[in-house]
file query.txt (compact mmCIF, C-alpha atoms (C1' of nucleotides))
# COMPACT_ATOMS: atom_id res chain seq x y z
CA MET A 502 211.40 -74.02 -207.39
CA SER A 503 209.46 -75.12 -210.45
CA ALA A 504 211.30 -75.99 -213.63
CA ALA A 505 209.64 -73.12 -215.51
CA GLN A 506 210.77 -70.59 -212.90
CA THR A 507 214.33 -71.90 -212.83
CA ARG A 508 214.41 -71.84 -216.60
CA GLN A 509 213.24 -68.27 -216.62
CA HIS A 510 215.93 -67.27 -214.12
CA ILE A 511 218.57 -68.91 -216.29
CA VAL A 512 217.39 -67.07 -219.38
CA GLU A 513 217.30 -63.73 -217.56
CA ALA A 514 220.84 -64.19 -216.21
CA ALA A 515 222.12 -65.36 -219.60
CA ASP A 516 220.44 -62.41 -221.31
CA ARG A 517 222.20 -59.96 -219.02
CA LEU A 518 225.59 -61.69 -219.18
CA PHE A 519 225.51 -62.10 -222.97
CA TYR A 520 224.90 -58.36 -223.15
CA GLU A 521 227.47 -57.29 -220.59
CA ARG A 522 230.28 -59.74 -221.37
CA GLY A 523 229.41 -61.12 -224.79
CA PHE A 524 228.15 -64.54 -225.82
CA GLU A 525 231.51 -66.28 -226.25
CA ALA A 526 232.99 -64.82 -223.09
CA THR A 527 230.08 -66.03 -220.95
CA SER A 528 230.52 -69.57 -219.68
CA PHE A 529 227.96 -72.01 -218.31
CA ALA A 530 229.67 -71.64 -214.95
CA ASP A 531 229.14 -67.84 -215.06
CA ILE A 532 225.42 -68.27 -215.60
CA ALA A 533 225.16 -71.08 -213.03
CA VAL A 534 226.84 -68.91 -210.37
CA GLU A 535 224.46 -66.07 -211.16
CA VAL A 536 221.38 -68.30 -210.80
CA LYS A 537 222.89 -70.11 -207.80
CA LEU A 538 222.62 -73.48 -209.51
CA SER A 539 225.11 -76.30 -209.81
CA ARG A 540 226.48 -76.80 -213.29
CA GLY A 541 225.02 -80.30 -213.26
CA ASN A 542 221.51 -79.09 -212.61
CA PHE A 543 222.00 -76.49 -215.26
CA TYR A 544 222.01 -79.16 -217.92
CA TYR A 545 218.64 -80.37 -216.76
CA HIS A 546 217.22 -77.17 -218.20
CA PHE A 547 219.45 -76.51 -221.18
CA LYS A 548 221.47 -79.08 -223.08
CA THR A 549 223.74 -76.70 -224.99
CA LYS A 550 224.84 -73.07 -224.95
CA ASP A 551 223.17 -72.52 -228.32
CA GLU A 552 219.89 -73.62 -226.76
CA ILE A 553 220.23 -70.88 -224.12
CA LEU A 554 221.05 -68.36 -226.83
CA GLY A 555 217.91 -69.41 -228.70
CA ALA A 556 215.83 -68.89 -225.57
CA VAL A 557 217.45 -65.50 -224.91
CA ILE A 558 216.73 -64.30 -228.46
CA SER A 559 213.19 -65.63 -228.16
CA VAL A 560 212.57 -63.70 -224.94
CA ARG A 561 214.12 -60.56 -226.40
CA LEU A 562 211.86 -60.79 -229.45
CA GLU A 563 208.80 -61.10 -227.21
CA LYS A 564 209.84 -58.20 -224.95
CA THR A 565 210.55 -56.04 -228.00
CA ARG A 566 207.12 -56.76 -229.46
CA GLU A 567 205.52 -55.77 -226.16
CA MET A 568 207.55 -52.57 -225.97
CA LEU A 569 206.62 -51.58 -229.53
CA ASN A 570 202.97 -52.23 -228.72
CA VAL A 571 203.20 -49.98 -225.67
CA TRP A 572 204.85 -47.21 -227.71
CA ALA A 573 202.16 -47.57 -230.37
CA ALA A 574 199.41 -47.40 -227.75
CA GLU A 575 200.87 -44.49 -225.79
CA GLY A 576 201.92 -42.29 -228.71
CA ARG A 577 199.09 -40.14 -230.00
CA GLU A 578 200.64 -39.70 -233.42
CA PRO A 579 203.44 -41.40 -235.42
CA GLY A 580 206.01 -38.69 -234.67
CA GLU A 581 205.55 -39.18 -230.94
CA ARG A 582 205.89 -42.94 -231.35
CA ILE A 583 209.13 -42.61 -233.30
CA ARG A 584 210.42 -40.28 -230.60
CA SER A 585 209.87 -43.11 -228.11
CA PHE A 586 212.34 -45.11 -230.16
CA ILE A 587 214.85 -42.26 -230.25
CA GLN A 588 214.51 -41.69 -226.51
CA MET A 589 215.73 -45.25 -225.87
CA LEU A 590 219.25 -43.87 -226.32
CA ILE A 591 218.67 -41.52 -223.38
CA MET A 592 216.84 -44.04 -221.23
CA ASN A 593 219.55 -46.68 -221.59
CA ARG A 594 222.53 -44.35 -221.85
CA ALA A 595 224.35 -45.70 -218.78
CA LYS A 596 224.38 -49.28 -220.04
CA ILE A 597 224.97 -48.22 -223.63
CA MET A 598 228.11 -46.33 -222.60
CA LEU A 599 229.37 -49.50 -220.94
CA TYR A 600 228.22 -52.27 -223.29
CA GLY A 601 226.78 -50.72 -226.45
CA CYS A 602 223.44 -51.62 -228.01
CA PRO A 603 222.27 -55.08 -226.87
CA VAL A 604 220.89 -55.89 -230.32
CA GLY A 605 223.70 -54.49 -232.44
CA THR A 606 226.53 -55.99 -230.42
CA LEU A 607 224.90 -59.42 -230.32
CA CYS A 608 224.32 -59.42 -234.08
CA SER A 609 227.87 -58.30 -234.67
CA GLU A 610 229.32 -61.05 -232.49
CA LEU A 611 227.13 -63.76 -234.03
CA ALA A 612 228.03 -62.57 -237.53
CA LYS A 613 231.72 -63.02 -236.79
CA LEU A 614 231.12 -66.43 -235.26
CA ASP A 615 229.01 -67.27 -238.32
CA HIS A 616 226.62 -68.63 -235.72
CA VAL A 617 223.45 -70.50 -236.75
CA ALA A 618 221.36 -68.08 -234.68
CA LYS A 619 222.70 -64.94 -236.37
CA ASP A 620 219.62 -64.55 -238.57
CA ASP A 621 217.31 -65.05 -235.60
CA ALA A 622 219.12 -62.26 -233.79
CA GLY A 623 218.72 -60.16 -236.93
CA LYS A 624 214.94 -60.48 -236.53
CA LEU A 625 215.25 -58.15 -233.54
CA PHE A 626 216.32 -55.45 -235.96
CA THR A 627 213.57 -56.41 -238.37
CA LEU A 628 210.97 -55.86 -235.64
CA PHE A 629 212.19 -52.29 -235.10
CA ARG A 630 212.61 -51.71 -238.83
CA ASP A 631 209.07 -52.80 -239.73
CA TRP A 632 207.52 -50.93 -236.80
CA LEU A 633 209.40 -47.74 -237.64
CA ALA A 634 208.49 -48.10 -241.32
CA SER A 635 204.82 -48.40 -240.44
CA GLN A 636 205.08 -45.26 -238.31
CA PHE A 637 206.71 -43.34 -241.17
CA SER A 638 203.94 -44.59 -243.45
CA ALA A 639 201.37 -43.26 -241.01
CA LEU A 640 203.31 -40.00 -240.98
CA GLY A 641 202.61 -39.67 -244.69
CA ARG A 642 205.90 -41.04 -246.05
CA LYS A 643 204.54 -44.27 -247.44
CA LYS A 644 206.87 -44.36 -250.45
CA ASP A 645 210.18 -44.17 -248.60
CA ALA A 646 209.04 -45.38 -245.17
CA ASP A 647 211.48 -48.30 -245.11
CA ASN A 648 214.42 -46.12 -246.11
CA LEU A 649 213.58 -43.67 -243.34
CA ALA A 650 213.25 -46.54 -240.87
CA MET A 651 216.69 -47.83 -241.86
CA HIS A 652 218.14 -44.33 -241.59
CA ILE A 653 216.98 -43.82 -238.03
CA LEU A 654 218.00 -47.35 -237.03
CA MET A 655 221.41 -46.60 -238.53
CA ARG A 656 221.73 -43.46 -236.44
CA SER A 657 220.79 -45.21 -233.22
CA GLN A 658 223.41 -47.87 -233.90
CA GLY A 659 226.08 -45.29 -234.69
CA VAL A 660 225.32 -43.29 -231.56
CA ALA A 661 225.43 -46.40 -229.38
CA SER A 662 228.72 -47.48 -230.92
CA LEU A 663 230.52 -44.17 -230.39
CA ALA A 664 228.94 -43.63 -226.98
CA THR A 665 230.62 -46.84 -225.82
CA VAL A 666 234.02 -45.80 -227.14
CA PHE A 667 234.06 -42.23 -225.88
CA ARG A 668 231.73 -42.56 -222.84
CA ASP A 669 230.26 -39.21 -223.81
CA GLU A 670 226.76 -38.47 -222.55
CA ALA A 671 226.73 -34.98 -224.08
CA PHE A 672 227.35 -36.57 -227.47
CA ILE A 673 224.33 -38.85 -227.01
CA ARG A 674 222.08 -35.93 -226.07
CA ARG A 675 223.35 -33.83 -228.98
CA GLU A 676 222.70 -36.60 -231.50
CA VAL A 677 219.30 -37.40 -230.00
CA ASP A 678 218.34 -33.75 -230.46
CA ASP A 679 219.65 -33.90 -234.02
CA MET A 680 217.62 -37.04 -234.75
CA THR A 681 214.51 -35.42 -233.29
CA ALA A 682 215.03 -32.34 -235.47
CA TRP A 683 215.60 -34.58 -238.48
CA LEU A 684 212.35 -36.38 -237.68
CA GLU A 685 210.40 -33.11 -237.63
CA ALA A 686 211.86 -32.24 -241.02
CA GLN A 687 210.50 -35.52 -242.42
CA ARG A 688 206.85 -34.53 -241.98
CA PRO A 689 205.47 -33.97 -245.49
CA ALA A 690 204.43 -30.42 -246.26
CA ASN A 691 200.67 -29.88 -245.90
CA MET B 785 262.87 -66.78 -241.75
CA SER B 786 264.00 -63.89 -239.59
CA ALA B 787 262.29 -63.25 -236.29
CA ALA B 788 261.06 -59.85 -237.46
CA GLN B 789 259.46 -61.38 -240.57
CA THR B 790 257.81 -64.17 -238.62
CA ARG B 791 256.55 -61.69 -236.09
CA GLN B 792 255.06 -59.57 -238.84
CA HIS B 793 253.32 -62.60 -240.36
CA ILE B 794 251.83 -63.45 -236.97
CA VAL B 795 250.51 -59.93 -236.47
CA GLU B 796 249.02 -59.84 -239.98
CA ALA B 797 247.26 -63.16 -239.47
CA ALA B 798 246.04 -62.15 -236.01
CA ASP B 799 244.80 -58.83 -237.36
CA ARG B 800 242.70 -60.57 -239.99
CA LEU B 801 241.39 -63.30 -237.67
CA PHE B 802 240.54 -60.86 -234.86
CA TYR B 803 238.49 -58.93 -237.43
CA GLU B 804 236.80 -61.88 -239.08
CA ARG B 805 236.17 -64.10 -236.03
CA GLY B 806 236.61 -61.77 -233.08
CA PHE B 807 239.37 -61.56 -230.47
CA GLU B 808 237.98 -64.09 -227.97
CA ALA B 809 236.99 -66.60 -230.62
CA THR B 810 240.46 -66.62 -232.18
CA SER B 811 242.84 -69.08 -230.54
CA PHE B 812 246.61 -69.28 -230.62
CA ALA B 813 246.20 -72.49 -232.60
CA ASP B 814 244.11 -70.66 -235.24
CA ILE B 815 246.84 -68.08 -235.74
CA ALA B 816 249.62 -70.69 -235.66
CA VAL B 817 247.88 -72.72 -238.39
CA GLU B 818 247.48 -69.59 -240.51
CA VAL B 819 251.19 -68.70 -240.20
CA LYS B 820 252.23 -72.37 -240.53
CA LEU B 821 254.01 -72.34 -237.19
CA SER B 822 253.93 -74.80 -234.33
CA ARG B 823 252.25 -73.56 -231.20
CA GLY B 824 255.51 -73.97 -229.34
CA ASN B 825 257.42 -71.73 -231.69
CA PHE B 826 254.61 -69.26 -231.50
CA TYR B 827 255.49 -68.49 -227.90
CA TYR B 828 259.00 -67.57 -228.95
CA HIS B 829 257.49 -64.48 -230.59
CA PHE B 830 254.59 -63.63 -228.30
CA LYS B 831 254.24 -64.63 -224.68
CA THR B 832 250.51 -63.88 -224.28
CA LYS B 833 247.44 -63.27 -226.37
CA ASP B 834 247.20 -59.73 -225.01
CA GLU B 835 250.69 -59.09 -226.34
CA ILE B 836 249.52 -60.02 -229.84
CA LEU B 837 246.49 -57.79 -229.44
CA GLY B 838 248.77 -54.93 -228.46
CA ALA B 839 250.88 -55.49 -231.57
CA VAL B 840 247.78 -55.67 -233.77
CA ILE B 841 246.40 -52.39 -232.40
CA SER B 842 249.83 -50.82 -232.81
CA VAL B 843 250.01 -51.84 -236.47
CA ARG B 844 246.46 -50.66 -237.10
CA LEU B 845 247.24 -47.27 -235.58
CA GLU B 846 250.28 -46.93 -237.85
CA LYS B 847 248.38 -48.00 -240.99
CA THR B 848 245.55 -45.61 -240.14
CA ARG B 849 247.97 -42.70 -239.74
CA GLU B 850 249.47 -43.51 -243.13
CA MET B 851 246.04 -43.73 -244.77
CA LEU B 852 244.97 -40.38 -243.32
CA ASN B 853 248.20 -38.81 -244.57
CA VAL B 854 247.53 -40.15 -248.05
CA TRP B 855 243.97 -38.80 -248.01
CA ALA B 856 245.25 -35.44 -246.80
CA ALA B 857 247.88 -35.34 -249.55
CA GLU B 858 245.59 -36.49 -252.36
CA GLY B 859 242.55 -34.39 -251.54
CA ARG B 860 242.76 -30.90 -252.99
CA GLU B 861 240.31 -29.46 -250.46
CA PRO B 862 238.83 -30.55 -247.11
CA GLY B 863 235.52 -31.69 -248.61
CA GLU B 864 237.32 -34.04 -250.95
CA ARG B 865 239.36 -35.42 -248.05
CA ILE B 866 236.29 -36.08 -245.96
CA ARG B 867 234.73 -37.82 -248.94
CA SER B 868 237.70 -40.20 -248.91
CA PHE B 869 236.63 -41.19 -245.42
CA ILE B 870 233.00 -41.66 -246.47
CA GLN B 871 234.04 -43.72 -249.49
CA MET B 872 235.66 -46.27 -247.18
CA LEU B 873 232.18 -47.72 -246.70
CA ILE B 874 231.97 -48.41 -250.43
CA MET B 875 235.55 -49.63 -250.79
CA ASN B 876 235.23 -52.12 -247.94
CA ARG B 877 231.56 -52.99 -248.39
CA ALA B 878 232.12 -56.70 -249.00
CA LYS B 879 234.01 -57.24 -245.75
CA ILE B 880 231.79 -54.82 -243.82
CA MET B 881 228.69 -56.81 -244.81
CA LEU B 882 230.37 -59.93 -243.43
CA TYR B 883 232.22 -58.65 -240.35
CA GLY B 884 231.24 -55.04 -239.71
CA CYS B 885 233.69 -52.21 -239.09
CA PRO B 886 237.09 -53.52 -237.90
CA VAL B 887 237.50 -50.64 -235.46
CA GLY B 888 233.96 -50.50 -234.09
CA THR B 889 233.58 -54.23 -233.57
CA LEU B 890 236.96 -54.55 -231.85
CA CYS B 891 236.20 -51.67 -229.48
CA SER B 892 232.80 -53.14 -228.73
CA GLU B 893 234.23 -56.55 -227.92
CA LEU B 894 237.03 -55.14 -225.76
CA ALA B 895 234.54 -52.92 -223.90
CA LYS B 896 232.47 -55.97 -222.96
CA LEU B 897 235.56 -57.89 -221.92
CA ASP B 898 236.62 -54.82 -219.93
CA HIS B 899 239.98 -55.53 -221.52
CA VAL B 900 243.07 -53.52 -220.55
CA ALA B 901 243.63 -52.64 -224.22
CA LYS B 902 240.15 -51.18 -224.76
CA ASP B 903 241.38 -47.59 -224.48
CA ASP B 904 244.24 -48.28 -226.88
CA ALA B 905 241.75 -49.60 -229.40
CA GLY B 906 239.70 -46.45 -228.82
CA LYS B 907 242.68 -44.42 -230.03
CA LEU B 908 241.90 -45.73 -233.51
CA PHE B 909 238.66 -43.79 -233.35
CA THR B 910 240.46 -40.77 -231.93
CA LEU B 911 242.78 -40.72 -234.96
CA PHE B 912 239.79 -40.51 -237.32
CA ARG B 913 237.99 -38.07 -235.06
CA ASP B 914 240.88 -35.61 -234.84
CA TRP B 915 241.66 -35.87 -238.53
CA LEU B 916 238.03 -35.30 -239.51
CA ALA B 917 237.76 -32.40 -237.07
CA SER B 918 240.82 -30.74 -238.60
CA GLN B 919 239.26 -31.14 -242.05
CA PHE B 920 236.00 -29.56 -240.89
CA SER B 921 238.04 -26.73 -239.38
CA ALA B 922 239.74 -26.21 -242.71
CA LEU B 923 236.30 -26.24 -244.31
CA GLY B 924 235.43 -23.20 -242.22
CA ARG B 925 233.59 -24.89 -239.38
CA LYS B 926 236.19 -24.34 -236.71
CA LYS B 927 233.68 -23.85 -233.90
CA ASP B 928 231.79 -27.14 -234.24
CA ALA B 929 234.44 -29.17 -236.08
CA ASP B 930 234.62 -31.87 -233.43
CA ASN B 931 230.84 -32.26 -233.29
CA LEU B 932 230.72 -32.64 -237.07
CA ALA B 933 233.56 -35.17 -236.92
CA MET B 934 231.68 -37.20 -234.33
CA HIS B 935 228.51 -36.99 -236.41
CA ILE B 936 230.10 -38.44 -239.51
CA LEU B 937 231.97 -41.07 -237.50
CA MET B 938 228.62 -41.98 -235.94
CA ARG B 939 227.03 -42.39 -239.34
CA SER B 940 229.80 -44.60 -240.66
CA GLN B 941 229.47 -46.84 -237.59
CA GLY B 942 225.70 -47.06 -237.96
CA VAL B 943 225.92 -47.89 -241.65
CA ALA B 944 228.51 -50.60 -241.01
CA SER B 945 226.42 -52.10 -238.23
CA LEU B 946 223.19 -52.35 -240.24
CA ALA B 947 225.02 -53.40 -243.40
CA THR B 948 226.25 -56.46 -241.53
CA VAL B 949 222.80 -57.38 -240.26
CA PHE B 950 220.86 -56.90 -243.50
CA ARG B 951 223.66 -57.54 -246.05
CA ASP B 952 222.24 -54.71 -248.08
CA GLU B 953 224.60 -53.02 -250.52
CA ALA B 954 221.91 -50.65 -251.82
CA PHE B 955 221.45 -49.38 -248.27
CA ILE B 956 225.16 -48.62 -248.00
CA ARG B 957 225.17 -46.69 -251.27
CA ARG B 958 222.03 -44.78 -250.32
CA GLU B 959 223.47 -43.73 -246.97
CA VAL B 960 226.85 -42.83 -248.51
CA ASP B 961 225.02 -40.54 -250.94
CA ASP B 962 223.09 -39.07 -248.02
CA MET B 963 226.30 -38.48 -246.06
CA THR B 964 227.90 -36.83 -249.08
CA ALA B 965 224.88 -34.55 -249.49
CA TRP B 966 224.99 -33.76 -245.79
CA LEU B 967 228.68 -32.87 -246.15
CA GLU B 968 227.95 -30.43 -248.96
CA ALA B 969 225.31 -28.76 -246.78
CA GLN B 970 227.94 -28.20 -244.07
CA ARG B 971 229.99 -25.78 -246.14
CA PRO B 972 229.52 -22.35 -244.57
CA ALA B 973 227.72 -19.82 -246.77
CA ASN B 974 230.15 -17.44 -248.51
C1' DG C 196 214.47 -81.11 -209.80
C1' DT C 197 218.76 -80.62 -207.71
C1' DC C 198 223.10 -82.23 -206.40
C1' DT C 199 228.24 -84.23 -206.76
C1' DA C 200 231.48 -86.35 -209.42
C1' DT C 201 233.62 -86.85 -213.52
C1' DA C 202 234.82 -87.28 -218.55
C1' DC C 203 236.69 -84.91 -222.39
C1' DG C 204 238.53 -81.63 -225.39
C1' DA C 205 240.21 -77.00 -226.31
C1' DA C 206 243.01 -73.25 -225.11
C1' DG C 207 246.75 -70.77 -222.87
C1' DA C 208 251.26 -71.43 -221.57
C1' DT C 209 256.06 -73.76 -220.50
C1' DA C 210 260.31 -76.87 -220.90
C1' DG C 211 263.67 -78.55 -223.25
C1' DA C 212 265.56 -81.04 -227.51
C1' DC C 213 267.39 -79.91 -232.01
C1' DG D 1126 264.42 -70.00 -234.50
C1' DT D 1127 261.70 -74.00 -234.72
C1' DC D 1128 260.12 -78.20 -233.04
C1' DT D 1129 257.65 -81.92 -229.82
C1' DA D 1130 256.00 -82.97 -225.51
C1' DT D 1131 253.72 -81.68 -221.63
C1' DC D 1132 251.17 -79.07 -217.98
C1' DT D 1133 247.18 -76.59 -216.36
C1' DT D 1134 242.99 -74.43 -216.52
C1' DC D 1135 238.68 -73.81 -218.31
C1' DG D 1136 234.44 -74.87 -220.68
C1' DT D 1137 231.09 -78.07 -222.43
C1' DA D 1138 228.76 -81.97 -221.42
C1' DT D 1139 227.26 -86.55 -219.05
C1' DA D 1140 226.18 -90.11 -215.31
C1' DG D 1141 224.14 -91.25 -211.55
C1' DA D 1142 223.02 -90.46 -206.45
C1' DC D 1143 219.54 -88.14 -203.64

call {"tool": "encode", "arguments": {"input": "query.txt", "output": "structure tokens"}}
result
Amino acid sequence: MSAAQTRQHIVEAADRLFYERGFEATSFADIAVEVKLSRGNFYYHFKTKDEILGAVISVRLEKTREMLNVWAAEGREPGERIRSFIQMLIMNRAKIMLYGCPVGTLCSELAKLDHVAKDDAGKLFTLFRDWLASQFSALGRKKDADNLAMHILMRSQGVASLATVFRDEAFIRREVDDMTAWLEAQRPAN
Amino acid sequence: MSAAQTRQHIVEAADRLFYERGFEATSFADIAVEVKLSRGNFYYHFKTKDEILGAVISVRLEKTREMLNVWAAEGREPGERIRSFIQMLIMNRAKIMLYGCPVGTLCSELAKLDHVAKDDAGKLFTLFRDWLASQFSALGRKKDADNLAMHILMRSQGVASLATVFRDEAFIRREVDDMTAWLEAQRPAN
DNA sequence: GTCTATACGAAGATAGAC
DNA sequence: GTCTATCTTCGTATAGAC
């Protein structure tokens, strides 16, 4: 196994465990077991836990950029692209009901830990925010595009949060419909 | 110092630290330092960390019930009472921007830990949910009162989440105004 | 590049003196 | 009811053999 491959496996396992169990609650041993590596070898690839976190955030940023590019390419108009964002709540509903939003819960945990990487994790939100704002601009809402982006981000976070507490899929679907209706109402009058 | 007093001090300190640092990240030693107790003595009052968590949730449930009773007594009509809930975001904005919503972040952490007390923590949300639903019923929206309650709970969670990430007080105020306007629009036509 | 062995400190928890 | 001392386990991290 090449070092690059092993490293990638470590980051993938860490990414999943940080999401499902939380950053603090995930130990080196947990990740090592997952990747079928000895703890000793583990340190060949990553010196500290913060280093793994940095790599995980880095990978998440890259995957998010790719996803936003796909949505931009596939959507024929801004409204359709924003709906791709909204639909994430449906697509990932099973995991969201168990572990919440991967971005929101990580940022929340790092904020409490006052962790050095908390601002880096926040960049994940900034990616969505800027992309959504540019879609609202294209929709003809240039002046308040950022406010609208923050509003829809806010809703997705709120839905994820309550979906985890109440394990209620009908609630998710209801709020997704409501967000979609809200989105339609944001199109400027011709 | 009586045992009851000491116990209360422990729970108060734990409550604050669990909120500010998270449950996992808070150690017995952290709480003991805060209360100026030796770790040994600490175990006279609480045998396990989960026991402290149980006491903290218990106290929070009681304080929440009291707060809701005050809002119900002070508000002259349901709309005013619901606005008391919305205004929490403004009242607690400084702490929310640092640590998020105390209820939402605790539930999120316990969900990831798959902690035995996760459902008890969820009861905090249920208190707000039921209270809000009864206010929407009184407002004349009996049929969809629970959906409206969940919607406004969702918004408050979303606002708290993004407020922590972006440390943006203007965003909080904007969304509070938007929630208040939304609330006015929910009054059934006469 | 992977392993075993091990050091070291932090955290949860207990025993027993005062 | 509070203390010190101690035990154990776990988590981070290192050294060095293969």

call {"tool": "closest_atom_pairs", "arguments": {"input": "query.txt", "of": "chain C", "to": "chain B", "cutoff": "9 Å", "atoms": "only C-alpha atoms (C1' of nucleotides)", "output": "CSV"}}
result
residue,atom,partner,partner_atom,distance
C:DA206,C1',B:Ser811,CA,6.8
C:DG207,C1',B:Phe812,CA,7.9
C:DA208,C1',B:Lys831,CA,8.0
C:DT209,C1',B:Gly824,CA,8.9

call {"tool": "closest_atom_pairs", "arguments": {"input": "query.txt", "of": "chain B", "to": "chain D", "cutoff": "9 Å", "atoms": "all atoms listed in the file", "output": "CSV"}}
result
residue,atom,partner,partner_atom,distance
B:Met785,CA,D:DG1126,C1',8.1
B:Ser786,CA,D:DG1126,C1',8.0
B:Ala787,CA,D:DG1126,C1',7.3
B:Leu821,CA,D:DT1127,C1',8.2
B:Ser822,CA,D:DC1128,C1',7.2
B:Gly824,CA,D:DC1128,C1',7.3
B:Asn825,CA,D:DT1127,C1',5.7
B:Tyr828,CA,D:DG1126,C1',8.1

call {"tool": "write_last_selection", "arguments": {"input": "query.txt", "atoms": "C-alpha atoms", "output": "CSV table (one decimal), in the coordinates of the input"}}
result
chain,number,residue,atom,x,y,z
B,785,MET,CA,262.9,-66.8,-241.8
B,786,SER,CA,264.0,-63.9,-239.6
B,787,ALA,CA,262.3,-63.2,-236.3
B,821,LEU,CA,254.0,-72.3,-237.2
B,822,SER,CA,253.9,-74.8,-234.3
B,824,GLY,CA,255.5,-74.0,-229.3
B,825,ASN,CA,257.4,-71.7,-231.7
B,828,TYR,CA,259.0,-67.6,-229.0

call {"tool": "closest_atom_pairs", "arguments": {"input": "query.txt", "of": "chain B", "to": "chain A", "cutoff": "9 Å", "atoms": "all atoms listed in the file", "output": "Markdown table"}}
result
| residue | atom | partner | partner_atom | distance |
| --- | --- | --- | --- | --- |
| B:Tyr803 | CA | A:Lys613 | CA | 7.9 |
| B:Glu804 | CA | A:Lys613 | CA | 5.7 |
| B:Arg805 | CA | A:Lys613 | CA | 4.6 |
| B:Gly806 | CA | A:Lys613 | CA | 6.3 |
| B:Glu808 | CA | A:Ala526 | CA | 7.0 |
| B:Ala809 | CA | A:Glu525 | CA | 7.0 |
| B:Leu882 | CA | A:Ala612 | CA | 6.9 |
| B:Tyr883 | CA | A:Lys613 | CA | 5.7 |
| B:Gly884 | CA | A:Ser609 | CA | 6.9 |
| B:Gly888 | CA | A:Ser662 | CA | 6.8 |
| B:Thr889 | CA | A:Ser609 | CA | 7.1 |
| B:Cys891 | CA | A:Val666 | CA | 6.7 |
| B:Ser892 | CA | A:Gly601 | CA | 6.9 |
| B:Glu893 | CA | A:Gly523 | CA | 7.3 |
| B:Ala895 | CA | A:Tyr600 | CA | 6.4 |
| B:Lys896 | CA | A:Arg522 | CA | 4.6 |
| B:Leu897 | CA | A:Arg522 | CA | 5.6 |
| B:Asp898 | CA | A:Arg522 | CA | 8.2 |
| B:Lys902 | CA | A:Val666 | CA | 8.5 |
| B:Asp903 | CA | A:Val666 | CA | 8.0 |
| B:Ala905 | CA | A:Val666 | CA | 8.9 |
| B:Gly906 | CA | A:Val666 | CA | 6.0 |
| B:Phe909 | CA | A:Val666 | CA | 8.0 |
| B:Thr910 | CA | A:Phe667 | CA | 8.9 |
| B:Asn931 | CA | A:Phe672 | CA | 8.0 |
| B:Met934 | CA | A:Leu663 | CA | 8.1 |
| B:His935 | CA | A:Glu676 | CA | 7.6 |
| B:Leu937 | CA | A:Gly659 | CA | 7.8 |
| B:Met938 | CA | A:Gly659 | CA | 4.4 |
| B:Arg939 | CA | A:Gly659 | CA | 5.6 |
| B:Ser940 | CA | A:Gly659 | CA | 7.1 |
| B:Gln941 | CA | A:Gly659 | CA | 4.7 |
| B:Gly942 | CA | A:Gly659 | CA | 3.7 |
| B:Val943 | CA | A:Met655 | CA | 5.6 |
| B:Ala944 | CA | A:Met655 | CA | 8.5 |
| B:Ser945 | CA | A:Gln658 | CA | 6.8 |
| B:Leu946 | CA | A:Met655 | CA | 6.3 |
| B:Thr948 | CA | A:Ser609 | CA | 7.3 |
| B:Val949 | CA | A:Gly623 | CA | 6.0 |
| B:Phe950 | CA | A:Gly623 | CA | 7.6 |
| B:Phe955 | CA | A:Asn648 | CA | 8.0 |
| B:Arg958 | CA | A:Asn648 | CA | 8.8 |
| B:Glu959 | CA | A:His652 | CA | 7.6 |

call {"tool": "residues_around", "arguments": {"input": "query.txt", "residues": "Gln588 of chain A", "least_positions_apart": "5", "cutoff": "12 Å", "atoms": "only C-alpha atoms (C1' of nucleotides)", "output": "ChimeraX atom specification"}}
result
/A:572,581-583,593-594,653,657,673-674,676-681

call {"tool": "atom_distance", "arguments": {"input": "query.txt", "atom1": "atom CA of Ile558 of chain A", "atom2": "atom CA of Asp621 of chain A"}}
result
7.2 Å

call {"tool": "atom_distance", "arguments": {"input": "query.txt", "atom1": "atom CA of Asp930 of chain B", "atom2": "atom CA of Arg913 of chain B"}}
result
7.2 Å

call {"tool": "atom_distance", "arguments": {"input": "query.txt", "atom1": "atom CA of Leu890 of chain B", "atom2": "atom CA of Phe524 of chain A"}}
result
14.6 Å

call {"tool": "residues_around", "arguments": {"input": "query.txt", "residues": "Val536 of chain A", "least_positions_apart": "3", "cutoff": "8 Å", "atoms": "all atoms listed in the file", "output": "list in words"}}
result
His510, Ile511, Ala514, Ile532 and Ala533 of chain A

call {"tool": "residues_around", "arguments": {"input": "query.txt", "residues": "Lys847 of chain B", "least_positions_apart": "4", "cutoff": "12 Å", "atoms": "all atoms listed in the file", "output": "ChimeraX atom specification"}}
result
/B:796,799,840-843,851-854,908,911-912

call {"tool": "residues_around", "arguments": {"input": "query.txt", "residues": "Arg925 of chain B", "least_positions_apart": "3", "cutoff": "12 Å", "atoms": "only C-alpha atoms (C1' of nucleotides)", "output": "list of chain:residue names"}}
result
B:Pro862, B:Gly863, B:Leu916, B:Ala917, B:Ser918, B:Gln919, B:Phe920, B:Ser921, B:Ala922, B:Asp928, B:Ala929, B:Asp930, B:Asn931, B:Leu932, B:Ala933, B:Leu967, B:Ala969, B:Gln970, B:Arg971, B:Pro972, B:Ala973
